[in-house]
Amino acid sequence: MNRAAAIARGLYIAVIYGFVLLPLVVIVFISVNQASTFPSRFEGLTGKWYQAILDHPEFLIAARTSATVALLAAIIAVVVAFLAGYALVRNKPRHGHVLETALMTPLLVPQIVISLAMLQFANIIGIGTDLAGLVAVHAVHVMPFALRLVLTGLARYNFALEEAALGLGASWWSTWRHVTIPILRPSIVAGFTFCFILSFVNLPISLFLTNPHTATLPIVMFAYMESRIDPMIAAIASVAVIVAALVTLLLEQTLRIRLVD
């Protein structure tokens with residue numbers, strides 16, 4: 001019975017991993033296909049589609065813009081999420097659950113609705129569709145994900161450690177720097193990584209809030225596919241996936257934390 005249960009559990013895990021990873025494998029497979037149309041039969045291995053990326057500087061510029069927006073949005077989101085989560089757990093306000101729900105509301109609103117509302121708001125306050133407006137909207141969108149991870153870390157955090165540090169003469173800043181943040185580092189880094197990836201690949205929000213000078217990589221890819229679809233798009237997606245995987249592995253190795261279980 002135990003052997004049958006172990007086999008069933010192994011098959012279940014294999015199916016889940018296959019369901020998640022198979023599309024990525026297909027994308028990489030398409031990116032090395034010699035065929036010039038998509039979809040098409042496999043005609044042989046080639047690296048020309050990766051080389052073709054270098055012949056389209058608009059993708060490289062858009063990738064740099066996406067990385068800049070994602071980096072700034074992730075930093076802002078993580079800082080806001082950490083401060084908000086710390087205040088909710090540490091101070092336990094009377095209506096803390098209401099405040100937490102309010103901070104999580106961007107998860108409940110469709111991205112297109114948020115995009116249109118933020119576009120109107122950005123025009124009212126005068127930031128329009130420039131880089132600052134795009135970063136602000138992305139930060140609002142990804143912040144709930146960081147907040148959830150920070151709250152998960154704070155649920156296991158022992159605030160008596162801070163009291164001990166303060167009792168020994170440390171300032172609040174020193175306590176945060178040497179006690180609080182190091183202990184919560186896995187949640188903070190995981191939240192930052194998650195926010196960065198979500199912002200980098202976001203299309204619906206960026207679609208309404210970019211201009212020709214702030215076009216992100218998903219926007220440029222979408223515009224490219226409106227006229228034609230070829231394996232170069234798969235090559236770009238493969239590069240993005242490989243870079244994200246390498247960064248995740250690097251963070252796990254250098255910071256000694258687990259971002260993926």
# chains A, B, ... in the order shown; residues from 1 in each chain; ligands from 1
call {"tool": "residues_around", "arguments": {"residues": "segment 94-100 of chain A", "least_positions_apart": "3", "cutoff": "12 Å", "atoms": "only C-alpha atoms", "output": "PyMOL selection string"}}
result
chain A and resi 81+84-91+103-106+143-144+147-148+151
call {"tool": "write_last_selection", "arguments": {"atoms": "N, CA and C atoms", "output": "mmCIF file, in the first residue's frame"}}
result
data_model
loop_
_atom_site.group_PDB
_atom_site.id
_atom_site.type_symbol
_atom_site.label_atom_id
_atom_site.label_comp_id
_atom_site.auth_asym_id
_atom_site.auth_seq_id
_atom_site.Cartn_x
_atom_site.Cartn_y
_atom_site.Cartn_z
ATOM 1 N N ALA A 81 5.953 47.169 1.108
ATOM 2 C CA ALA A 81 5.397 45.943 1.675
ATOM 3 C C ALA A 81 6.026 45.616 3.024
ATOM 4 N N ALA A 84 4.721 48.221 5.622
ATOM 5 C CA ALA A 84 3.311 47.984 5.914
ATOM 6 C C ALA A 84 3.113 46.686 6.683
ATOM 7 N N GLY A 85 3.774 45.617 6.235
ATOM 8 C CA GLY A 85 3.637 44.335 6.915
ATOM 9 C C GLY A 85 4.175 44.380 8.340
ATOM 10 N N TYR A 86 5.298 45.049 8.521
ATOM 11 C CA TYR A 86 5.876 45.168 9.861
ATOM 12 C C TYR A 86 4.931 45.914 10.792
ATOM 13 N N ALA A 87 4.344 47.015 10.299
ATOM 14 C CA ALA A 87 3.418 47.788 11.123
ATOM 15 C C ALA A 87 2.165 46.980 11.473
ATOM 16 N N LEU A 88 1.668 46.200 10.518
ATOM 17 C CA LEU A 88 0.464 45.414 10.764
ATOM 18 C C LEU A 88 0.706 44.324 11.798
ATOM 19 N N VAL A 89 1.856 43.667 11.737
ATOM 20 C CA VAL A 89 2.126 42.552 12.648
ATOM 21 C C VAL A 89 2.655 43.045 13.986
ATOM 22 N N ARG A 90 3.519 44.043 13.947
ATOM 23 C CA ARG A 90 4.146 44.528 15.180
ATOM 24 C C ARG A 90 3.158 45.300 16.053
ATOM 25 N N ASN A 91 2.424 46.222 15.444
ATOM 26 C CA ASN A 91 1.542 47.103 16.214
ATOM 27 C C ASN A 91 0.140 46.537 16.397
ATOM 28 N N LEU A 103 -4.793 46.720 1.187
ATOM 29 C CA LEU A 103 -3.511 46.666 0.496
ATOM 30 C C LEU A 103 -3.463 45.536 -0.533
ATOM 31 N N MET A 104 -4.311 44.527 -0.353
ATOM 32 C CA MET A 104 -4.337 43.401 -1.272
ATOM 33 C C MET A 104 -5.310 43.595 -2.437
ATOM 34 N N THR A 105 -6.076 44.676 -2.434
ATOM 35 C CA THR A 105 -7.103 44.863 -3.457
ATOM 36 C C THR A 105 -6.581 44.879 -4.897
ATOM 37 N N PRO A 106 -5.337 45.336 -5.182
ATOM 38 C CA PRO A 106 -4.875 45.241 -6.583
ATOM 39 C C PRO A 106 -4.905 43.828 -7.152
ATOM 40 N N MET A 143 3.026 45.124 -5.535
ATOM 41 C CA MET A 143 3.222 45.259 -4.098
ATOM 42 C C MET A 143 2.478 44.204 -3.272
ATOM 43 N N PRO A 144 1.215 43.847 -3.596
ATOM 44 C CA PRO A 144 0.531 42.825 -2.785
ATOM 45 C C PRO A 144 1.257 41.487 -2.736
ATOM 46 N N LEU A 147 3.921 41.909 -0.212
ATOM 47 C CA LEU A 147 3.322 42.008 1.121
ATOM 48 C C LEU A 147 2.944 40.635 1.651
ATOM 49 N N ARG A 148 2.389 39.799 0.799
ATOM 50 C CA ARG A 148 2.015 38.458 1.241
ATOM 51 C C ARG A 148 3.238 37.656 1.696
ATOM 52 N N LEU A 151 4.475 39.133 5.059
ATOM 53 C CA LEU A 151 3.599 38.719 6.160
ATOM 54 C C LEU A 151 3.837 37.258 6.529
#
call {"tool": "closest_atom_pairs", "arguments": {"of": "segment 11-110 of chain A", "to": "segment 229-237 of chain A", "cutoff": "12 Å", "atoms": "only C-alpha atoms", "output": "JSON lines"}}
result
{"residue": "A:Pro23", "atom": "CA", "partner": "A:Ala234", "partner_atom": "CA", "distance": 11.1}
{"residue": "A:Leu24", "atom": "CA", "partner": "A:Ala237", "partner_atom": "CA", "distance": 8.9}
{"residue": "A:Val25", "atom": "CA", "partner": "A:Ala234", "partner_atom": "CA", "distance": 10.6}
{"residue": "A:Val26", "atom": "CA", "partner": "A:Ala234", "partner_atom": "CA", "distance": 9.1}
{"residue": "A:Ile27", "atom": "CA", "partner": "A:Ala234", "partner_atom": "CA", "distance": 5.5}
{"residue": "A:Val28", "atom": "CA", "partner": "A:Ala234", "partner_atom": "CA", "distance": 6.7}
{"residue": "A:Phe29", "atom": "CA", "partner": "A:Ala234", "partner_atom": "CA", "distance": 8.6}
{"residue": "A:Ile30", "atom": "CA", "partner": "A:Pro231", "partner_atom": "CA", "distance": 6.1}
{"residue": "A:Ser31", "atom": "CA", "partner": "A:Ala235", "partner_atom": "CA", "distance": 4.6}
{"residue": "A:Val32", "atom": "CA", "partner": "A:Ala235", "partner_atom": "CA", "distance": 7.6}
{"residue": "A:Asn33", "atom": "CA", "partner": "A:Pro231", "partner_atom": "CA", "distance": 7.3}
{"residue": "A:Gln34", "atom": "CA", "partner": "A:Pro231", "partner_atom": "CA", "distance": 8.5}
{"residue": "A:Ala35", "atom": "CA", "partner": "A:Pro231", "partner_atom": "CA", "distance": 7.8}
{"residue": "A:Ser36", "atom": "CA", "partner": "A:Asp230", "partner_atom": "CA", "distance": 5.9}
{"residue": "A:Thr37", "atom": "CA", "partner": "A:Asp230", "partner_atom": "CA", "distance": 5.0}
{"residue": "A:Phe38", "atom": "CA", "partner": "A:Asp230", "partner_atom": "CA", "distance": 5.1}
{"residue": "A:Pro39", "atom": "CA", "partner": "A:Asp230", "partner_atom": "CA", "distance": 8.0}
{"residue": "A:Ser40", "atom": "CA", "partner": "A:Asp230", "partner_atom": "CA", "distance": 9.7}
{"residue": "A:Arg41", "atom": "CA", "partner": "A:Pro231", "partner_atom": "CA", "distance": 11.9}
{"residue": "A:Phe42", "atom": "CA", "partner": "A:Pro231", "partner_atom": "CA", "distance": 11.3}
{"residue": "A:Leu45", "atom": "CA", "partner": "A:Pro231", "partner_atom": "CA", "distance": 12.0}
{"residue": "A:Thr46", "atom": "CA", "partner": "A:Pro231", "partner_atom": "CA", "distance": 10.7}
{"residue": "A:Gly47", "atom": "CA", "partner": "A:Ala235", "partner_atom": "CA", "distance": 9.0}
{"residue": "A:Lys48", "atom": "CA", "partner": "A:Met232", "partner_atom": "CA", "distance": 8.5}
{"residue": "A:Trp49", "atom": "CA", "partner": "A:Met232", "partner_atom": "CA", "distance": 4.8}
{"residue": "A:Tyr50", "atom": "CA", "partner": "A:Ala235", "partner_atom": "CA", "distance": 5.7}
{"residue": "A:Gln51", "atom": "CA", "partner": "A:Met232", "partner_atom": "CA", "distance": 8.9}
{"residue": "A:Ala52", "atom": "CA", "partner": "A:Met232", "partner_atom": "CA", "distance": 6.9}
{"residue": "A:Ile53", "atom": "CA", "partner": "A:Met232", "partner_atom": "CA", "distance": 6.9}
{"residue": "A:Leu54", "atom": "CA", "partner": "A:Ile236", "partner_atom": "CA", "distance": 10.5}
{"residue": "A:Asp55", "atom": "CA", "partner": "A:Met232", "partner_atom": "CA", "distance": 10.8}
{"residue": "A:His56", "atom": "CA", "partner": "A:Met232", "partner_atom": "CA", "distance": 10.2}
{"residue": "A:Phe59", "atom": "CA", "partner": "A:Ile236", "partner_atom": "CA", "distance": 8.5}
{"residue": "A:Leu60", "atom": "CA", "partner": "A:Ile236", "partner_atom": "CA", "distance": 9.9}
{"residue": "A:Ala62", "atom": "CA", "partner": "A:Ile236", "partner_atom": "CA", "distance": 11.6}
{"residue": "A:Ala63", "atom": "CA", "partner": "A:Ile236", "partner_atom": "CA", "distance": 9.8}
call {"tool": "write_last_selection", "arguments": {"atoms": "N, CA and C atoms", "output": "short mmCIF file (atom, residue, chain, number, x, y, z; two decimals), in the first residue's frame"}}
result
data_model
loop_
_atom_site.label_atom_id
_atom_site.label_comp_id
_atom_site.auth_asym_id
_atom_site.auth_seq_id
_atom_site.Cartn_x
_atom_site.Cartn_y
_atom_site.Cartn_z
N PRO A 23 5.46 23.68 -21.56
CA PRO A 23 5.40 24.84 -22.46
C PRO A 23 6.75 25.53 -22.62
N LEU A 24 7.55 25.59 -21.55
CA LEU A 24 8.88 26.21 -21.66
C LEU A 24 9.78 25.40 -22.57
N VAL A 25 9.71 24.07 -22.45
CA VAL A 25 10.51 23.21 -23.31
C VAL A 25 10.10 23.38 -24.77
N VAL A 26 8.81 23.50 -25.01
CA VAL A 26 8.32 23.70 -26.38
C VAL A 26 8.82 25.01 -26.95
N ILE A 27 8.81 26.07 -26.14
CA ILE A 27 9.29 27.37 -26.60
C ILE A 27 10.77 27.31 -26.98
N VAL A 28 11.58 26.67 -26.14
CA VAL A 28 13.01 26.53 -26.45
C VAL A 28 13.20 25.68 -27.70
N PHE A 29 12.42 24.64 -27.85
CA PHE A 29 12.50 23.77 -29.03
C PHE A 29 12.17 24.56 -30.30
N ILE A 30 11.14 25.41 -30.23
CA ILE A 30 10.76 26.21 -31.39
C ILE A 30 11.86 27.21 -31.75
N SER A 31 12.55 27.73 -30.75
CA SER A 31 13.54 28.77 -30.98
C SER A 31 14.77 28.28 -31.72
N VAL A 32 14.97 26.97 -31.78
CA VAL A 32 16.12 26.42 -32.50
C VAL A 32 15.69 25.69 -33.77
N ASN A 33 14.45 25.94 -34.19
CA ASN A 33 13.94 25.31 -35.41
C ASN A 33 14.31 26.15 -36.63
N GLN A 34 14.76 25.52 -37.68
CA GLN A 34 15.14 26.25 -38.89
C GLN A 34 13.94 26.82 -39.64
N ALA A 35 12.76 26.33 -39.39
CA ALA A 35 11.58 26.81 -40.09
C ALA A 35 11.39 28.30 -39.84
N SER A 36 10.93 29.00 -40.86
CA SER A 36 10.77 30.46 -40.76
C SER A 36 9.35 30.88 -40.41
N THR A 37 8.48 29.93 -40.19
CA THR A 37 7.12 30.24 -39.79
C THR A 37 6.82 29.58 -38.46
N PHE A 38 5.77 30.06 -37.85
CA PHE A 38 5.40 29.54 -36.54
C PHE A 38 3.87 29.50 -36.44
N PRO A 39 3.30 28.33 -36.14
CA PRO A 39 3.96 27.03 -35.92
C PRO A 39 4.27 26.31 -37.23
N SER A 40 5.20 25.38 -37.16
CA SER A 40 5.56 24.58 -38.33
C SER A 40 6.26 23.33 -37.87
N ARG A 41 6.51 22.41 -38.83
CA ARG A 41 7.23 21.19 -38.50
C ARG A 41 8.70 21.49 -38.22
N PHE A 42 9.33 20.58 -37.48
CA PHE A 42 10.74 20.75 -37.18
C PHE A 42 11.57 20.45 -38.42
N LEU A 45 18.10 21.88 -36.51
CA LEU A 45 18.60 22.79 -35.47
C LEU A 45 19.29 23.99 -36.08
N THR A 46 19.12 25.15 -35.45
CA THR A 46 19.78 26.37 -35.89
C THR A 46 19.81 27.37 -34.75
N GLY A 47 20.77 28.27 -34.81
CA GLY A 47 20.85 29.35 -33.82
C GLY A 47 20.61 30.71 -34.44
N LYS A 48 20.08 30.71 -35.68
CA LYS A 48 19.92 31.97 -36.40
C LYS A 48 18.89 32.89 -35.76
N TRP A 49 17.93 32.32 -35.07
CA TRP A 49 16.89 33.18 -34.48
C TRP A 49 17.43 33.95 -33.28
N TYR A 50 18.40 33.37 -32.59
CA TYR A 50 19.04 34.10 -31.49
C TYR A 50 19.94 35.20 -32.06
N GLN A 51 20.60 34.91 -33.15
CA GLN A 51 21.41 35.93 -33.80
C GLN A 51 20.54 37.04 -34.37
N ALA A 52 19.33 36.68 -34.82
CA ALA A 52 18.43 37.68 -35.39
C ALA A 52 18.01 38.73 -34.37
N ILE A 53 18.04 38.36 -33.10
CA ILE A 53 17.67 39.33 -32.06
C ILE A 53 18.59 40.54 -32.11
N LEU A 54 19.87 40.31 -32.39
CA LEU A 54 20.84 41.40 -32.44
C LEU A 54 20.60 42.33 -33.62
N ASP A 55 19.87 41.85 -34.63
CA ASP A 55 19.55 42.68 -35.79
C ASP A 55 18.31 43.54 -35.56
N HIS A 56 17.70 43.41 -34.38
CA HIS A 56 16.52 44.21 -34.04
C HIS A 56 16.81 44.95 -32.74
N PHE A 59 14.31 45.46 -29.67
CA PHE A 59 14.11 44.48 -28.61
C PHE A 59 15.11 44.68 -27.48
N LEU A 60 16.33 45.01 -27.82
CA LEU A 60 17.36 45.23 -26.80
C LEU A 60 17.05 46.47 -25.98
N ALA A 62 14.05 47.78 -25.56
CA ALA A 62 12.86 47.48 -24.76
C ALA A 62 13.21 46.60 -23.56
N ALA A 63 14.13 45.66 -23.75
CA ALA A 63 14.54 44.81 -22.64
C ALA A 63 15.21 45.64 -21.54
#
call {"tool": "atom_distance", "arguments": {"atom1": "atom CA of Ser227 of chain A", "atom2": "atom CA of Thr65 of chain A"}}
result
22.5 Å
call {"tool": "residues_around", "arguments": {"residues": "segment 191-201 of chain A", "least_positions_apart": "6", "cutoff": "7 Å", "atoms": "only C-alpha atoms", "output": "number ranges by chain"}}
result
A: 66-67, 70-71, 74-75, 78, 138, 142, 145-146, 149, 218
call {"tool": "write_last_selection", "arguments": {"atoms": "N, CA and C atoms", "output": "PDB file, in the first residue's frame"}}
result
ATOM      1  N   SER A  66      12.424  47.466 -19.763  1.00  0.00           N
ATOM      2  CA  SER A  66      11.697  46.554 -18.886  1.00  0.00           C
ATOM      3  C   SER A  66      12.484  46.247 -17.626  1.00  0.00           C
ATOM      4  N   ALA A  67      13.795  46.050 -17.771  1.00  0.00           N
ATOM      5  CA  ALA A  67      14.625  45.761 -16.607  1.00  0.00           C
ATOM      6  C   ALA A  67      14.672  46.946 -15.650  1.00  0.00           C
ATOM      7  N   ALA A  70      11.195  47.227 -13.973  1.00  0.00           N
ATOM      8  CA  ALA A  70      10.993  46.121 -13.041  1.00  0.00           C
ATOM      9  C   ALA A  70      11.859  46.289 -11.796  1.00  0.00           C
ATOM     10  N   LEU A  71      13.106  46.734 -11.978  1.00  0.00           N
ATOM     11  CA  LEU A  71      13.998  46.920 -10.834  1.00  0.00           C
ATOM     12  C   LEU A  71      13.476  47.992  -9.888  1.00  0.00           C
ATOM     13  N   ALA A  74      10.133  46.887  -8.255  1.00  0.00           N
ATOM     14  CA  ALA A  74      10.336  45.856  -7.239  1.00  0.00           C
ATOM     15  C   ALA A  74      10.914  46.447  -5.962  1.00  0.00           C
ATOM     16  N   ILE A  75      11.857  47.367  -6.094  1.00  0.00           N
ATOM     17  CA  ILE A  75      12.438  48.008  -4.905  1.00  0.00           C
ATOM     18  C   ILE A  75      11.367  48.775  -4.133  1.00  0.00           C
ATOM     19  N   VAL A  78       8.815  46.320  -2.493  1.00  0.00           N
ATOM     20  CA  VAL A  78       9.336  45.577  -1.346  1.00  0.00           C
ATOM     21  C   VAL A  78       9.477  46.493  -0.131  1.00  0.00           C
ATOM     22  N   HIS A 138       3.398  49.924 -11.916  1.00  0.00           N
ATOM     23  CA  HIS A 138       3.919  48.569 -11.733  1.00  0.00           C
ATOM     24  C   HIS A 138       4.143  48.280 -10.256  1.00  0.00           C
ATOM     25  N   VAL A 142       2.426  45.075  -8.213  1.00  0.00           N
ATOM     26  CA  VAL A 142       3.177  43.939  -7.667  1.00  0.00           C
ATOM     27  C   VAL A 142       3.324  43.990  -6.156  1.00  0.00           C
ATOM     28  N   PHE A 145       1.942  41.121  -3.810  1.00  0.00           N
ATOM     29  CA  PHE A 145       2.683  39.858  -3.808  1.00  0.00           C
ATOM     30  C   PHE A 145       3.837  39.917  -2.809  1.00  0.00           C
ATOM     31  N   ALA A 146       4.540  41.041  -2.788  1.00  0.00           N
ATOM     32  CA  ALA A 146       5.619  41.210  -1.813  1.00  0.00           C
ATOM     33  C   ALA A 146       5.067  41.251  -0.398  1.00  0.00           C
ATOM     34  N   LEU A 149       4.342  37.759   0.981  1.00  0.00           N
ATOM     35  CA  LEU A 149       5.549  37.041   1.363  1.00  0.00           C
ATOM     36  C   LEU A 149       6.154  37.609   2.643  1.00  0.00           C
ATOM     37  N   PRO A 218       7.547  43.263 -23.466  1.00  0.00           N
ATOM     38  CA  PRO A 218       6.285  42.635 -23.883  1.00  0.00           C
ATOM     39  C   PRO A 218       5.514  43.470 -24.901  1.00  0.00           C
TER      40      PRO A 218
END
call {"tool": "select_by_dssp", "arguments": {"residues": "segment 22-223 of chain A", "states": "helix (DSSP H, G or I)", "output": "short mmCIF file (atom, residue, chain, number, x, y, z; two decimals) with C-alpha atoms, in the first residue's frame"}}
result
data_model
loop_
_atom_site.label_atom_id
_atom_site.label_comp_id
_atom_site.auth_asym_id
_atom_site.auth_seq_id
_atom_site.Cartn_x
_atom_site.Cartn_y
_atom_site.Cartn_z
CA LEU A 22 6.44 21.46 -20.94
CA PRO A 23 5.40 24.84 -22.46
CA LEU A 24 8.88 26.21 -21.66
CA VAL A 25 10.51 23.21 -23.31
CA VAL A 26 8.32 23.70 -26.38
CA ILE A 27 9.29 27.37 -26.60
CA VAL A 28 13.01 26.53 -26.45
CA PHE A 29 12.50 23.77 -29.03
CA ILE A 30 10.76 26.21 -31.39
CA SER A 31 13.54 28.77 -30.98
CA LYS A 48 19.92 31.97 -36.40
CA TRP A 49 16.89 33.18 -34.48
CA TYR A 50 19.04 34.10 -31.49
CA GLN A 51 21.41 35.93 -33.80
CA ALA A 52 18.43 37.68 -35.39
CA ILE A 53 17.67 39.33 -32.06
CA PRO A 57 17.83 46.83 -31.61
CA GLU A 58 14.27 47.73 -30.58
CA PHE A 59 14.11 44.48 -28.61
CA LEU A 60 17.36 45.23 -26.80
CA ILE A 61 16.24 48.76 -25.94
CA ALA A 62 12.86 47.48 -24.76
CA ALA A 63 14.54 44.81 -22.64
CA ARG A 64 16.65 47.49 -20.94
CA THR A 65 13.52 49.57 -20.31
CA SER A 66 11.70 46.55 -18.89
CA ALA A 67 14.62 45.76 -16.61
CA THR A 68 14.78 49.36 -15.36
CA VAL A 69 11.05 49.54 -14.70
CA ALA A 70 10.99 46.12 -13.04
CA LEU A 71 14.00 46.92 -10.83
CA LEU A 72 12.61 50.24 -9.60
CA ALA A 73 9.08 48.89 -9.18
CA ALA A 74 10.34 45.86 -7.24
CA ILE A 75 12.44 48.01 -4.90
CA ILE A 76 9.53 50.36 -4.18
CA ALA A 77 7.09 47.49 -3.75
CA VAL A 78 9.34 45.58 -1.35
CA VAL A 79 10.08 48.65 0.80
CA VAL A 80 6.39 49.57 1.04
CA ALA A 81 5.40 45.94 1.67
CA PHE A 82 8.01 45.51 4.41
CA LEU A 83 7.03 48.70 6.24
CA ALA A 84 3.31 47.98 5.91
CA GLY A 85 3.64 44.34 6.91
CA TYR A 86 5.88 45.17 9.86
CA ALA A 87 3.42 47.79 11.12
CA LEU A 88 0.46 45.41 10.76
CA VAL A 89 2.13 42.55 12.65
CA ARG A 90 4.15 44.53 15.18
CA ASN A 91 1.54 47.10 16.21
CA GLY A 96 -5.53 45.56 10.82
CA HIS A 97 -7.35 42.95 8.77
CA VAL A 98 -9.22 45.72 6.98
CA LEU A 99 -5.97 47.51 6.17
CA GLU A 100 -4.40 44.26 4.97
CA THR A 101 -7.38 43.58 2.71
CA ALA A 102 -7.20 47.12 1.34
CA LEU A 103 -3.51 46.67 0.50
CA MET A 104 -4.34 43.40 -1.27
CA THR A 105 -7.10 44.86 -3.46
CA PRO A 106 -4.87 45.24 -6.58
CA LEU A 107 -4.98 41.44 -6.75
CA GLN A 111 -5.30 44.56 -14.77
CA ILE A 112 -7.06 46.32 -17.64
CA VAL A 113 -9.29 48.15 -15.17
CA ILE A 114 -6.26 49.14 -13.08
CA SER A 115 -4.49 50.29 -16.24
CA LEU A 116 -7.32 52.56 -17.36
CA ALA A 117 -7.81 53.97 -13.85
CA MET A 118 -4.11 54.62 -13.36
CA LEU A 119 -3.84 56.19 -16.80
CA GLN A 120 -6.55 58.65 -15.84
CA PHE A 121 -4.94 59.29 -12.46
CA ALA A 122 -1.50 59.74 -14.03
CA ASN A 123 -2.88 62.35 -16.41
CA ILE A 124 -4.60 64.18 -13.56
CA ILE A 125 -1.42 64.49 -11.48
CA LEU A 131 8.92 56.29 -16.98
CA ALA A 132 7.94 57.54 -13.52
CA GLY A 133 4.26 56.82 -14.13
CA LEU A 134 5.02 53.35 -15.47
CA VAL A 135 7.19 52.51 -12.46
CA ALA A 136 4.54 53.78 -10.03
CA VAL A 137 1.77 51.71 -11.59
CA HIS A 138 3.92 48.57 -11.73
CA ALA A 139 4.86 49.05 -8.08
CA VAL A 140 1.19 49.28 -7.10
CA HIS A 141 0.40 46.15 -9.08
CA VAL A 142 3.18 43.94 -7.67
CA MET A 143 3.22 45.26 -4.10
CA PRO A 144 0.53 42.82 -2.78
CA PHE A 145 2.68 39.86 -3.81
CA ALA A 146 5.62 41.21 -1.81
CA LEU A 147 3.32 42.01 1.12
CA ARG A 148 2.01 38.46 1.24
CA LEU A 149 5.55 37.04 1.36
CA VAL A 150 6.64 39.55 4.02
CA LEU A 151 3.60 38.72 6.16
CA THR A 152 4.45 35.04 5.83
CA GLY A 153 7.96 35.73 7.12
CA LEU A 154 6.68 37.93 9.96
CA ALA A 155 4.25 35.21 11.05
CA ALA A 160 11.53 39.32 21.48
CA LEU A 161 14.81 39.37 19.55
CA GLU A 162 14.29 43.07 18.87
CA GLU A 163 13.49 43.73 22.50
CA ALA A 164 16.70 42.00 23.49
CA ALA A 165 18.74 44.08 21.04
CA LEU A 166 17.12 47.30 22.23
CA GLY A 167 17.68 46.29 25.83
CA TRP A 172 16.01 50.96 16.21
CA TRP A 173 17.98 51.32 12.99
CA SER A 174 20.76 49.03 14.23
CA THR A 175 18.18 46.50 15.38
CA TRP A 176 16.50 46.49 11.97
CA ARG A 177 19.83 46.31 10.19
CA HIS A 178 21.42 43.52 12.23
CA VAL A 179 18.39 41.56 13.51
CA THR A 180 15.10 42.16 11.71
CA ILE A 181 16.16 42.43 8.07
CA PRO A 182 18.69 39.53 8.16
CA ILE A 183 16.07 37.19 9.66
CA ARG A 185 15.87 38.28 4.25
CA PRO A 186 14.42 35.15 2.59
CA SER A 187 10.94 36.70 2.44
CA ILE A 188 12.28 40.06 1.28
CA VAL A 189 14.49 38.60 -1.46
CA ALA A 190 11.76 36.22 -2.60
CA GLY A 191 9.31 39.13 -2.73
CA PHE A 192 11.76 41.25 -4.70
CA THR A 193 12.44 38.45 -7.20
CA PHE A 194 8.74 37.72 -7.64
CA CYS A 195 7.91 41.42 -8.11
CA PHE A 196 10.73 41.90 -10.61
CA ILE A 197 9.59 38.99 -12.77
CA LEU A 198 5.93 39.99 -12.64
CA SER A 199 6.77 43.54 -13.63
CA PHE A 200 9.21 42.51 -16.37
CA PRO A 204 -1.87 44.64 -19.86
CA ILE A 205 -0.73 47.46 -17.58
CA SER A 206 2.17 48.52 -19.79
CA LEU A 207 -0.10 48.50 -22.84
CA PHE A 208 -1.97 51.56 -21.61
CA LEU A 209 0.86 53.42 -19.91
CA LEU A 217 9.77 44.24 -24.02
CA PRO A 218 6.29 42.64 -23.88
CA ILE A 219 4.87 45.67 -25.73
CA VAL A 220 7.50 45.47 -28.49
CA MET A 221 6.99 41.72 -28.82
CA PHE A 222 3.23 42.20 -29.05
CA ALA A 223 3.63 44.86 -31.74
#
call {"tool": "atom_distance", "arguments": {"atom1": "atom CA of Lys92 of chain A", "atom2": "atom CA of Asn158 of chain A"}}
result
14.5 Å
call {"tool": "decode", "arguments": {"residues": "segment 171-200 of chain A", "atoms": "C-alpha atoms", "output": "short mmCIF file (atom, residue, chain, number, x, y, z; two decimals), in the first residue's frame"}}
result
data_model
loop_
_atom_site.label_atom_id
_atom_site.label_comp_id
_atom_site.auth_asym_id
_atom_site.auth_seq_id
_atom_site.Cartn_x
_atom_site.Cartn_y
_atom_site.Cartn_z
CA SER A 171 19.10 51.76 18.26
CA TRP A 172 16.01 50.96 16.21
CA TRP A 173 17.98 51.32 12.99
CA SER A 174 20.76 49.03 14.23
CA THR A 175 18.18 46.50 15.38
CA TRP A 176 16.50 46.49 11.97
CA ARG A 177 19.83 46.31 10.19
CA HIS A 178 21.42 43.52 12.23
CA VAL A 179 18.39 41.56 13.51
CA THR A 180 15.10 42.16 11.71
CA ILE A 181 16.16 42.43 8.07
CA PRO A 182 18.69 39.53 8.16
CA ILE A 183 16.07 37.19 9.66
CA LEU A 184 13.42 38.28 7.17
CA ARG A 185 15.87 38.28 4.25
CA PRO A 186 14.42 35.15 2.59
CA SER A 187 10.94 36.70 2.44
CA ILE A 188 12.28 40.06 1.28
CA VAL A 189 14.49 38.60 -1.46
CA ALA A 190 11.76 36.22 -2.60
CA GLY A 191 9.31 39.13 -2.73
CA PHE A 192 11.76 41.25 -4.70
CA THR A 193 12.44 38.45 -7.20
CA PHE A 194 8.74 37.72 -7.64
CA CYS A 195 7.91 41.42 -8.11
CA PHE A 196 10.73 41.90 -10.61
CA ILE A 197 9.59 38.99 -12.77
CA LEU A 198 5.93 39.99 -12.64
CA SER A 199 6.77 43.54 -13.63
CA PHE A 200 9.21 42.51 -16.37
#
